[in-house]
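Asker: Just passing along the structure, written as structure tokens.
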Protein chains: 2
Amino acid sequence: MMKRIYLLSLPVLLFSKNVFCQQQDSLQLRKIANEVLASSTAYENLRFLCKKIGPRLSGSENAVKAVQATFSMLKLAGADTVYLQPCMVPHWVRGEKESGYLELGNNKKHLLKLCALGNSVATAPEGVKGTIIQVNSMQELHSLGEAALKGKIVFYNFIMNPEHINTFRAYGQSGTGRRIGPAQAARYGAVGVMIRSLASNPDDYPHTGMTTYNDSFPKIPAVAISTNDADMLNSELKKDRVITAWFKTSCKMLEDQPSFNVIGEIRGTEYPAEIITVGGHLDSWDLGEGAQDDGAGCVQSIEIIRVLKALNIKPKRTIRAVMFMNEENGGRGAKAYLAAAKSNKEKHLFALESDAGGFSPRGFGIEADSTTFQRMLRWKPLFKEYGVNDFFAGGGGADIGPLKEIGTVLAGLSPDTQRYFDLHHAATDTFETVSRRELQLGAAVMGMLVWLVSEYGF
Amino acid sequence: MMKRIYLLSLPVLLFSKNVFCQQQDSLQLRKIANEVLASSTAYENLRFLCKKIGPRLSGSENAVKAVQATFSMLKLAGADTVYLQPCMVPHWVRGEKESGYLELGNNKKHLLKLCALGNSVATAPEGVKGTIIQVNSMQELHSLGEAALKGKIVFYNFIMNPEHINTFRAYGQSGTGRRIGPAQAARYGAVGVMIRSLASNPDDYPHTGMTTYNDSFPKIPAVAISTNDADMLNSELKKDRVITAWFKTSCKMLEDQPSFNVIGEIRGTEYPAEIITVGGHLDSWDLGEGAQDDGAGCVQSIEIIRVLKALNIKPKRTIRAVMFMNEENGGRGAKAYLAAAKSNKEKHLFALESDAGGFSPRGFGIEADSTTFQRMLRWKPLFKEYGVNDFFAGGGGADIGPLKEIGTVLAGLSPDTQRYFDLHHAATDTFETVSRRELQLGAAVMGMLVWLVSEYGF
């Protein structure tokens, strides 16, 4: 009888222990969330980055100020150590404000809302002029070839597909025009490129973003026009009209500049050699304030340090908040971070990035082997009451991506995506678009995940 | 053998049939979503309500314009029948802009950001002045009683608890001060009431909203002050200071006015007598544009009609989009709708309300018997790809609530709640706060649920 009872009780005991642990964890996570929701400094830190500094393009004076500011913020948050990690960054400048127009016949000119693409070369001082050839896919470009494109301005009208619920999917699909369109158009002798802005909605704001040239082809100037302008141009071209465009840019790639990743650390009590990175990127495009992209990720990462310190939680593993430099047009900070990790032979257990805006958190994208992924799924129920329902494979992020090389488990905060491409890389990316509670809730669930990894490892 | 095979195959066949049905449903829902996301008129309709009309308090000229405008919108959307359903509504007016200040000693005055509570009486022409007694709970009010409160101004500093992830929970808890605080303070001889605005965050905007007097006690004037002012006042009072406040309001309840619910209908093909209602409320408070509260719900409901017509979907049951009048300070439209349903002996199968803002949809609150609730849960997997994960009990909404009396199954769209109380009932509730995609996605999932009920009933 004793034996039978024992056999019956063992799973019950194990079950009770699990339930007890989950309850303890749940209480700890609730403490973290409450502290962030009631007393976070993330929103005020973001206000400072956006309103006292502003756009923070790599190599700019504002980027220098942002390094200094987040250094201080990490100190104030209570990090044990705060330090700068050097890297050389590209220094691209926009120059004078761009201008351009369409000639619509009868001497009617339509002024375009446009901006140079990041890392683009400038036009000649008199601008570039040419007949517009609209292209709706890369295949179409290749089939048109030199015969149709030589001396022309290629207009990539790649519409973000509104049917994708996750707007990042639409961005990924339609982004080829911006990323490789200028290089590919140059291959066929085009003299300039205009892309439809990568924006979810019709509006009047051009959205910039990096283009990458191909050394085999000439570098031709490239701009983005607003979605409203793109729709108008598309409908004019549908009337079988020949339309000429002119635009002028004076952007330039200058000499590389010295810059830094900014790093704040809490040393782990039990496994100090095991490092958990939580980060966002400090640089931003120059048109807006870099609020959602990615001031939000920076101040959320700083908040992880603050909340642990405020609650006197001593993490078992070392927690590092990292403000990566130069995500937007080079990724040099990310490369420097990996290089340092390798040369210092650091053990990077886990890295969490927030670079999809400070919107309500919905989930985490996870890049890990399937065993680790399954282990992380055990934690999913703990996040449900915070509205975080989605643990999915993939989606770590550009700044932590290089750490994959050294076996780090990667994760990206996945917030609601509906508003991101209204403001991404545009003048509309301002502090006012950030909801204080949404930003905080994102920081809270990031802090919760970081604590779990720190406590239990994988 | 035949028999055995038959027995084995039956569940397989049933399973296949279910899978097939779910796949068919899934395709139909996807069509609805795609049409809304690509071609919705909801956002432009909302722009009209907010920018061409503006605030739409019951009894106002703007409310009349909004009735006309949504009548036209429903026609344009393709409703078979559009009609007005009369109701008498209260006609409360704010009068001149309110003013008020705190006397902080040394002749220092602090001007307050304040507004009268909806349905409040005005102060005397010279305003009301009194010593402030802060109260942090209704219990505290009752224990202070007449000895402490007679001749005083009661300040209800009920802070929305930031620890509630769902902000509506915090609103429910802290809302007693606004809803019954003035009546209860009058019971003990207070001469005026100031409440801390029901807002999630510190800011400078007073948030109005209805208060309800109690016929047993005098009607005393009541205002809301901004959360920043409330924080300041709270910290001044903590210094054990006696602080005097003065404020003046000239709001007034005038004679009831005739008004209308606006209704657009698609007649059902198989069960035309079974009615499905989908609605929002057309009236709004007077301080903002009533964009999220609840222009959003109105234009989403109109969109349900538009999308079914655009896709040539002929619903089996009758679908009614209803713009309810007077949700904010009387609920007269809701009462008229129930009264008509009863006197016409209509069968109201289901009602869906959107009155929690046009934010990203996260779920549906459902009020139904447990069998029906379980049946609706079968549909939950169909909504997952749209980010709608939460089917929970309760939360139908104020305008459809009365239909419970006649056995209607009720549901409320449950969007993300983080931003709602930044703008609810305040000047900040403007068109600009509405994301086109979030609004559309809400309309899409509403249309999907309405179609499922129309197709399958309960």
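We label chains A, B, ... in the order they appear in the structure tokens, count residues from 1 in each chain, and number ligands from 1 in the order shown.
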Name the residues of segment 12-135 of chain B that fall into strand (DSSP E or B) according to DSSP on the backbone, using the chain letters and numbers of this document, as JSON, numbers by chain.
Answerer: {"B": [81, 82, 83, 84, 85, 86, 87, 88, 89, 90, 91, 92, 93, 99, 100, 101, 102, 103, 109, 110, 111, 114, 115, 116, 118, 128, 129, 130, 131, 132, 133, 134, 135]}
Asker: Can you write out as JSON lines which residues of chain A fall within 8 Å of chain B, alongside each residue's closest atom pair and its distance in Å to one decimal, counting only C-alpha atoms and ordering rows by chain and ascending residue number?
Answerer:
```
{"residue": "A:Ala33", "atom": "CA", "partner": "B:Glu163", "partner_atom": "CA", "distance": 7.5}
{"residue": "A:Asn34", "atom": "CA", "partner": "B:Glu163", "partner_atom": "CA", "distance": 5.3}
{"residue": "A:Leu37", "atom": "CA", "partner": "B:Pro162", "partner_atom": "CA", "distance": 5.8}
{"residue": "A:Ala38", "atom": "CA", "partner": "B:Pro162", "partner_atom": "CA", "distance": 5.8}
{"residue": "A:Pro162", "atom": "CA", "partner": "B:Leu37", "partner_atom": "CA", "distance": 5.8}
{"residue": "A:Glu163", "atom": "CA", "partner": "B:Asn34", "partner_atom": "CA", "distance": 5.3}
{"residue": "A:Ile165", "atom": "CA", "partner": "B:Tyr386", "partner_atom": "CA", "distance": 6.2}
{"residue": "A:Ser200", "atom": "CA", "partner": "B:Arg437", "partner_atom": "CA", "distance": 8.0}
{"residue": "A:Asn201", "atom": "CA", "partner": "B:Arg436", "partner_atom": "CA", "distance": 7.5}
{"residue": "A:Ser360", "atom": "CA", "partner": "B:Gln418", "partner_atom": "CA", "distance": 7.4}
{"residue": "A:Glu385", "atom": "CA", "partner": "B:Ile165", "partner_atom": "CA", "distance": 7.6}
{"residue": "A:Tyr386", "atom": "CA", "partner": "B:Ile165", "partner_atom": "CA", "distance": 6.3}
{"residue": "A:Asn389", "atom": "CA", "partner": "B:Asn389", "partner_atom": "CA", "distance": 7.7}
{"residue": "A:Asp416", "atom": "CA", "partner": "B:Ser360", "partner_atom": "CA", "distance": 7.7}
{"residue": "A:Gln418", "atom": "CA", "partner": "B:Arg437", "partner_atom": "CA", "distance": 5.8}
{"residue": "A:Arg419", "atom": "CA", "partner": "B:Ser435", "partner_atom": "CA", "distance": 6.4}
{"residue": "A:Ser435", "atom": "CA", "partner": "B:Arg419", "partner_atom": "CA", "distance": 6.4}
{"residue": "A:Arg436", "atom": "CA", "partner": "B:Asn201", "partner_atom": "CA", "distance": 7.5}
{"residue": "A:Arg437", "atom": "CA", "partner": "B:Gln418", "partner_atom": "CA", "distance": 5.8}
{"residue": "A:Glu438", "atom": "CA", "partner": "B:Gln418", "partner_atom": "CA", "distance": 6.0}
```
Asker: Which polymer residues have any atom within 6 Å of an atom of Gly151 of chain A, counting only C-alpha atoms, with same-chain residues fewer than 3 positions away left out, as a VMD selection string?
Answerer: chain A and resid 189 to 191
Asker: Taking 6 positions as the minimum chain separation for residues in the same chain, which residues sit within 6 Å of segment 327-334 of chain B when counting only C-alpha atoms? Answer as a VMD selection string.
Answerer: chain B and resid 210 261 399
Asker: Put those residues in a file: C-alpha atoms, as a PDB file, in the first residue's frame.
Answerer:
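result.pdb written:
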```pdb
ATOM      1  CA  MET B 210     -20.911  61.808 -17.161  1.00  0.00           C
ATOM      2  CA  ASN B 261     -30.255  56.313 -34.200  1.00  0.00           C
ATOM      3  CA  ASP B 399     -25.445  50.410 -26.390  1.00  0.00           C
TER       4      ASP B 399
END
```
Asker: Would you kindly return, as a PyMOL selection string, each protein, DNA or RNA residue with an atom no farther than 9 Å from any atom of segment 56-68 of chain B, considering only C-alpha atoms and excluding same-chain residues fewer than 4 positions away?
Answerer: chain B and resi 49+72-73+84+88-93+256-262+282-286+289-290+323+325-330
Asker: Once the least-squares fit of chain B onto chain A is done over all Cα atoms matched in order, how many Å of RMSD are left?
Answerer: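 RMSD over all C-alpha atoms: 0.2 Å.
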Asker: Suppose you want the space between atom CA of Val135 of chain B and atom CA of Asn157 of chain B; what is it in Å?
Answerer: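 Those two atoms sit 6.3 Å apart.
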